[in-house]
Amino acid sequence: MKSTGTLAVKNVSKKFKSQEGEIHVLDDINLSVKSGEFITIVGLSGCGKTTLLRLIVGLESDYAGDILLDGRKLNGPSLDRGIVFQDHRLFPWLTVEKNVGLGIVGKTDAEKKEIVQNHIELVGLKGFEKSYPYQLSGGMSQRAAIARSLVNNPKILLLDEPLGALDALTRMYMHKELERIWKKESITMIMVTHDVDEAVYLSDKIVVMSARPGKLQKIIPVPLSRPRDRASIDFAQMKEKVLEEFMLHTEQNFNYSI
Amino acid sequence: MPFIKSEKIKTVAIGLIVPILLVIFIEVICKLEMVPSQIVIPPHKVVITFLELMNTGELSEHFRISLSRVLAGFVLGASLGFITGTVIALSKRSERIVAPLLSALSQVPLFGWIPILILWFGIGETFKVVFIAFGAFFPMLINTFEGIHGVPKSYIEVARAFEFSSVKLLGKVLLPAALPSLFTGIKLALGMSWMLVVGAELVAAGEGVGYLIVWGRQLFQMDIVFVGIAVVGCIGYLMFLTLNTFESSLMRWHRPTATK
């Protein structure tokens, strides 16, 4: 068992300065994530969910409040937090293999090679080691990006709408893959998304955010057993519950029970 | 494979149509004596003179000298341009300090420097190398700066997330990402160097391809002048071609069809 991260976000607020004055992006966010949990943050565009993720990665600084990983306050980016961006951000001049191995530090060449190979196999890209990013499909690129983010065994993996640009079928396939990787690596994952189906399929907890300023609206636990069945009533009801938060649920004229 | 080959031959053949027509045209107007034969030389005579100059070894000697000047000036100027461009792209402060001076200097036509350079360095090799270096410096500087400056922020964030050191950031992200721009700089710098060597040799030299052109004119041997011009043009084109081949082999990763 390797160490996984517990994350605590305490009273975090963030403002951006612009020409029209200050914009309040995040307002008093409190969130705690247990070790090995899969959390999704769901919200409309502009609700600050990506900003929150970037704060946790350490790419944004200058915020009020505390973010603690395993009890220690964050200070800039670190290898114990992996990140997968919305655009895969593979370096086009490197092969898949080189891209994946890019961030590995403090290992011999032989160890490095093994780590790279293991992670390429983990994400199911065996056979594409020597391919350049332009030769990969969107889904494959994101797989490579996931492999790259995991090579240093981070305690926590942050995913910023990683599947947003994929077609619906590939996305559903990637949900399964992501769940498999999450289980295999027993790692804490926090994913930002605006896809409710995705959130219900993957999460232990769904964090719903409201916009302007970004506030934590509700935390919805998802107690469904895995692997989850999209066609089940429980799944549909869970989705309704999340959509209710966005006033997007279907009004029921009457209730019935079996 | 044979398909690619015939495609390549086609491309080359299309590029040759205009030059061949031009040669035929000049040949014809010379034959019809429409222009004085001392001023416009029929192409076949230029070829004969070319072969004669090659036979005596004269031409290759001039060429060798010009080329060594170009290389010295190019290497000096382009590497200074590369270093300066990198430094000012990385540090906002250094950009503020030197950018105004550099952009003012780059506005001065290169031939405007000749009198001062001759005064400082005489008319020997140093003058020519410095003059060429001047020409190579600015295109390399500008393209290095633009290239590094234009590296997408998203790539830099990846490097930050992986805690890259500044050296690793430069070597593994900024320079590779700037490579297309660096190549543009190298091509422009080399092209400029080749132009300036001829310029410098026209002004003050006892050998070199540029000198050959001046010398031919003084003797009123226009065939020599044309040989010089043709050699300068062809070598310049070959340099460009070589660099392009090198570039595309180095940048296989570049999307074959640009979609972004």
# chains A, B, ... in the order shown; residues from 1 in each chain; ligands from 1
call {"tool": "select_by_dssp", "arguments": {"residues": "stretch 110-202 of chain B", "states": "alpha helix (DSSP H)", "output": "short mmCIF file (atom, residue, chain, number, x, y, z; two decimals) with C-alpha atoms, in the first residue's frame"}}
result
data_model
loop_
_atom_site.label_atom_id
_atom_site.label_comp_id
_atom_site.auth_asym_id
_atom_site.auth_seq_id
_atom_site.Cartn_x
_atom_site.Cartn_y
_atom_site.Cartn_z
CA ILE B 114 30.70 50.12 -43.50
CA PRO B 115 32.56 53.42 -43.09
CA ILE B 116 32.79 53.06 -39.32
CA LEU B 117 33.73 49.41 -39.48
CA ILE B 118 36.50 50.14 -41.98
CA LEU B 119 37.75 52.93 -39.75
CA TRP B 120 37.83 50.62 -36.75
CA PHE B 121 38.92 47.35 -38.28
CA GLU B 125 39.41 39.99 -42.69
CA THR B 126 38.28 41.37 -39.32
CA PHE B 127 36.17 44.01 -41.02
CA LYS B 128 34.43 41.45 -43.21
CA VAL B 129 33.76 39.00 -40.42
CA VAL B 130 32.42 41.72 -38.12
CA PHE B 131 30.25 43.13 -40.91
CA ILE B 132 28.78 39.70 -41.65
CA ALA B 133 28.32 39.02 -37.94
CA PHE B 134 26.34 42.26 -37.70
CA GLY B 135 24.01 41.02 -40.39
CA ALA B 136 23.57 37.59 -38.83
CA PHE B 137 23.09 38.97 -35.33
CA PHE B 138 19.75 40.73 -35.71
CA PRO B 139 17.64 38.09 -37.47
CA MET B 140 18.90 35.47 -35.04
CA LEU B 141 18.26 37.75 -32.06
CA ILE B 142 14.72 38.62 -33.08
CA ASN B 143 13.69 35.08 -33.93
CA THR B 144 15.22 33.61 -30.80
CA PHE B 145 13.42 36.19 -28.70
CA GLU B 146 10.10 35.72 -30.46
CA GLY B 147 10.44 31.96 -30.35
CA ILE B 148 11.09 31.70 -26.64
CA HIS B 149 8.64 34.46 -25.80
CA LYS B 153 2.12 29.23 -21.11
CA SER B 154 0.47 25.82 -20.90
CA TYR B 155 3.81 24.09 -21.59
CA ILE B 156 5.51 26.16 -18.93
CA GLU B 157 2.84 25.12 -16.43
CA VAL B 158 3.57 21.48 -17.13
CA ALA B 159 7.22 22.18 -16.37
CA ARG B 160 6.22 23.95 -13.15
CA ALA B 161 4.00 21.09 -12.06
CA SER B 166 15.38 26.83 -14.85
CA VAL B 167 18.05 24.99 -16.79
CA LYS B 168 15.74 22.05 -17.42
CA LEU B 175 14.27 25.76 -26.69
CA PRO B 176 12.57 22.71 -28.22
CA ALA B 177 9.29 24.61 -28.40
CA ALA B 178 11.07 27.57 -29.98
CA LEU B 179 12.88 25.38 -32.51
CA PRO B 180 10.79 26.33 -35.56
CA SER B 181 11.46 29.98 -34.81
CA LEU B 182 15.16 29.32 -34.17
CA PHE B 183 15.39 27.71 -37.58
CA THR B 184 13.81 30.73 -39.22
CA GLY B 185 16.47 32.80 -37.47
CA ILE B 186 19.28 30.56 -38.69
CA LYS B 187 17.99 30.63 -42.26
CA LEU B 188 17.61 34.39 -42.31
CA ALA B 189 20.98 34.89 -40.62
CA LEU B 190 22.78 32.62 -43.05
CA GLY B 191 21.06 34.22 -46.03
CA MET B 192 22.04 37.63 -44.74
CA SER B 193 25.65 36.50 -44.18
CA TRP B 194 25.91 35.26 -47.72
CA MET B 195 24.56 38.54 -49.07
CA LEU B 196 26.87 40.61 -46.90
CA VAL B 197 30.04 38.70 -47.81
CA VAL B 198 29.48 39.66 -51.42
CA GLY B 199 28.74 43.21 -50.31
CA ALA B 200 31.90 43.39 -48.22
CA GLU B 201 33.98 41.97 -51.02
CA LEU B 202 32.55 44.43 -53.50
#
call {"tool": "interface_residues", "arguments": {"of": "chain A", "to": "chain B", "cutoff": "8 Å", "atoms": "only C-alpha atoms", "output": "number ranges by chain"}}
result
A: 57-59, 77-79, 82-83, 89, 91-94, 103, 132-134
call {"tool": "write_last_selection", "arguments": {"atoms": "N, CA and C atoms", "output": "short mmCIF file (atom, residue, chain, number, x, y, z; two decimals), in the first residue's frame"}}
result
data_model
loop_
_atom_site.label_atom_id
_atom_site.label_comp_id
_atom_site.auth_asym_id
_atom_site.auth_seq_id
_atom_site.Cartn_x
_atom_site.Cartn_y
_atom_site.Cartn_z
N VAL A 57 -3.08 22.42 -7.05
CA VAL A 57 -1.84 22.03 -7.73
C VAL A 57 -0.69 22.92 -7.31
N GLY A 58 -1.00 24.18 -7.08
CA GLY A 58 0.05 25.13 -6.72
C GLY A 58 0.43 26.03 -7.86
N LEU A 59 -0.36 26.00 -8.94
CA LEU A 59 -0.05 26.86 -10.09
C LEU A 59 -0.54 28.29 -9.86
N PRO A 77 3.90 24.18 -6.59
CA PRO A 77 3.69 22.85 -7.15
C PRO A 77 4.67 21.86 -6.53
N SER A 78 4.31 20.62 -6.53
CA SER A 78 5.19 19.60 -5.98
C SER A 78 4.88 18.27 -6.65
N LEU A 79 5.86 17.38 -6.62
CA LEU A 79 5.69 16.10 -7.30
C LEU A 79 4.67 15.20 -6.59
N GLY A 82 -0.07 15.25 -8.80
CA GLY A 82 -0.04 15.15 -10.26
C GLY A 82 -1.20 15.92 -10.85
N ILE A 83 -1.03 16.35 -12.11
CA ILE A 83 -2.11 17.10 -12.75
C ILE A 83 -2.30 16.64 -14.19
N ARG A 89 -1.59 18.68 -23.31
CA ARG A 89 -0.32 19.35 -23.06
C ARG A 89 0.88 18.42 -23.14
N PHE A 91 4.21 17.34 -24.97
CA PHE A 91 5.12 18.13 -25.79
C PHE A 91 5.21 17.51 -27.18
N PRO A 92 4.85 18.27 -28.21
CA PRO A 92 4.76 17.68 -29.55
C PRO A 92 6.10 17.19 -30.10
N TRP A 93 7.20 17.67 -29.52
CA TRP A 93 8.50 17.27 -30.07
C TRP A 93 9.02 15.99 -29.42
N LEU A 94 8.28 15.44 -28.46
CA LEU A 94 8.72 14.21 -27.81
C LEU A 94 7.77 13.06 -28.13
N GLY A 103 8.94 13.75 -16.42
CA GLY A 103 8.96 14.31 -15.06
C GLY A 103 9.67 13.45 -14.04
N TYR A 132 4.49 10.04 -31.97
CA TYR A 132 4.46 11.45 -31.59
C TYR A 132 3.02 11.86 -31.32
N PRO A 133 2.83 12.88 -30.45
CA PRO A 133 1.47 13.28 -30.09
C PRO A 133 0.55 13.52 -31.29
N TYR A 134 1.07 14.06 -32.39
CA TYR A 134 0.16 14.34 -33.52
C TYR A 134 -0.40 13.06 -34.14
#
call {"tool": "atom_distance", "arguments": {"atom1": "atom CA of A:Ala168", "atom2": "atom CA of A:Met191"}}
result
17.6 Å
call {"tool": "residues_around", "arguments": {"residues": "A:Lys113", "least_positions_apart": "5", "cutoff": "12 Å", "atoms": "only C-alpha atoms", "output": "list of chain:residue names"}}
result
A:Glu97, A:Lys98, A:Val100, A:Gly101, A:Leu102, A:Ile104, A:Lys107, A:Thr108, A:Asn118, A:His119, A:Ile120, A:Glu129, A:Val151
call {"tool": "atom_distance", "arguments": {"atom1": "atom CA of A:Val33", "atom2": "atom CA of A:Leu224"}}
result
18.1 Å
call {"tool": "atom_distance", "arguments": {"atom1": "atom CA of B:Phe63", "atom2": "atom CA of B:Gly208"}}
result
5.9 Å
call {"tool": "residues_around", "arguments": {"residues": "B:Glu52", "least_positions_apart": "6", "cutoff": "12 Å", "atoms": "only C-alpha atoms", "output": "list in words"}}
result
Lys45, Val46, Glu58, Leu59, Ser60, Asp223, Ile224 and Val227 of chain B
call {"tool": "write_last_selection", "arguments": {"atoms": "N, CA and C atoms", "output": "mmCIF file, in the first residue's frame"}}
result
data_model
loop_
_atom_site.group_PDB
_atom_site.id
_atom_site.type_symbol
_atom_site.label_atom_id
_atom_site.label_comp_id
_atom_site.auth_asym_id
_atom_site.auth_seq_id
_atom_site.Cartn_x
_atom_site.Cartn_y
_atom_site.Cartn_z
ATOM 1 N N LYS B 45 28.145 31.238 -73.188
ATOM 2 C CA LYS B 45 29.489 31.784 -72.953
ATOM 3 C C LYS B 45 29.810 31.836 -71.470
ATOM 4 N N VAL B 46 28.769 32.145 -70.661
ATOM 5 C CA VAL B 46 28.951 32.176 -69.214
ATOM 6 C C VAL B 46 29.350 30.786 -68.725
ATOM 7 N N GLU B 58 40.633 28.793 -59.980
ATOM 8 C CA GLU B 58 40.451 30.169 -59.526
ATOM 9 C C GLU B 58 39.117 30.351 -58.792
ATOM 10 N N LEU B 59 38.072 29.813 -59.431
ATOM 11 C CA LEU B 59 36.728 30.005 -58.899
ATOM 12 C C LEU B 59 36.577 29.338 -57.531
ATOM 13 N N SER B 60 37.059 28.090 -57.426
ATOM 14 C CA SER B 60 36.883 27.400 -56.147
ATOM 15 C C SER B 60 37.687 28.085 -55.041
ATOM 16 N N ASP B 223 31.236 38.229 -68.764
ATOM 17 C CA ASP B 223 31.003 36.793 -68.531
ATOM 18 C C ASP B 223 31.442 36.402 -67.116
ATOM 19 N N ILE B 224 32.561 37.003 -66.656
ATOM 20 C CA ILE B 224 33.020 36.711 -65.291
ATOM 21 C C ILE B 224 32.019 37.235 -64.268
ATOM 22 N N VAL B 227 29.184 34.884 -64.125
ATOM 23 C CA VAL B 227 29.562 33.656 -63.420
ATOM 24 C C VAL B 227 29.473 33.900 -61.913
#
call {"tool": "select_by_dssp", "arguments": {"residues": "stretch 14-115 of chain A", "states": "strand (DSSP E)", "output": "PyMOL selection string"}}
result
chain A and resi 14-18+21-33+38-43+64-69+72-73+81-84
call {"tool": "residues_around", "arguments": {"residues": "A:Lys34", "least_positions_apart": "5", "cutoff": "8 Å", "atoms": "only C-alpha atoms", "output": "PyMOL selection string"}}
result
chain A and resi 5-7+188
call {"tool": "write_last_selection", "arguments": {"atoms": "N, CA and C atoms", "output": "mmCIF file, in the first residue's frame"}}
result
data_model
loop_
_atom_site.group_PDB
_atom_site.id
_atom_site.type_symbol
_atom_site.label_atom_id
_atom_site.label_comp_id
_atom_site.auth_asym_id
_atom_site.auth_seq_id
_atom_site.Cartn_x
_atom_site.Cartn_y
_atom_site.Cartn_z
ATOM 1 N N GLY A 5 -3.068 10.666 -0.403
ATOM 2 C CA GLY A 5 -3.164 11.976 0.207
ATOM 3 C C GLY A 5 -4.524 12.272 0.815
ATOM 4 N N THR A 6 -4.484 12.902 1.975
ATOM 5 C CA THR A 6 -5.709 13.514 2.470
ATOM 6 C C THR A 6 -5.553 15.010 2.275
ATOM 7 N N LEU A 7 -6.608 15.611 1.808
ATOM 8 C CA LEU A 7 -6.518 17.020 1.473
ATOM 9 C C LEU A 7 -7.534 17.801 2.294
ATOM 10 N N THR A 188 -5.709 9.230 -4.353
ATOM 11 C CA THR A 188 -6.790 10.209 -4.225
ATOM 12 C C THR A 188 -6.932 10.953 -5.552
#
call {"tool": "residues_around", "arguments": {"residues": "A:Gly214", "least_positions_apart": "4", "cutoff": "7 Å", "atoms": "only C-alpha atoms", "output": "list of chain:residue names"}}
result
A:Val25, A:Leu26, A:Asp27, A:Cys47, A:Gly48, A:Met209, A:Ser210
call {"tool": "write_last_selection", "arguments": {"atoms": "C-alpha atoms", "output": "JSON list (two decimals), in the first residue's frame"}}
result
[["chain", "number", "residue", "atom", "x", "y", "z"],
["A", 25, "VAL", "CA", -13.49, 33.98, -7.84],
["A", 26, "LEU", "CA", -13.62, 31.74, -4.79],
["A", 27, "ASP", "CA", -15.38, 32.54, -1.58],
["A", 47, "CYS", "CA", -17.76, 29.03, -11.09],
["A", 48, "GLY", "CA", -14.09, 28.88, -10.15],
["A", 209, "MET", "CA", -20.22, 24.75, -6.85],
["A", 210, "SER", "CA", -22.21, 27.88, -7.58]]
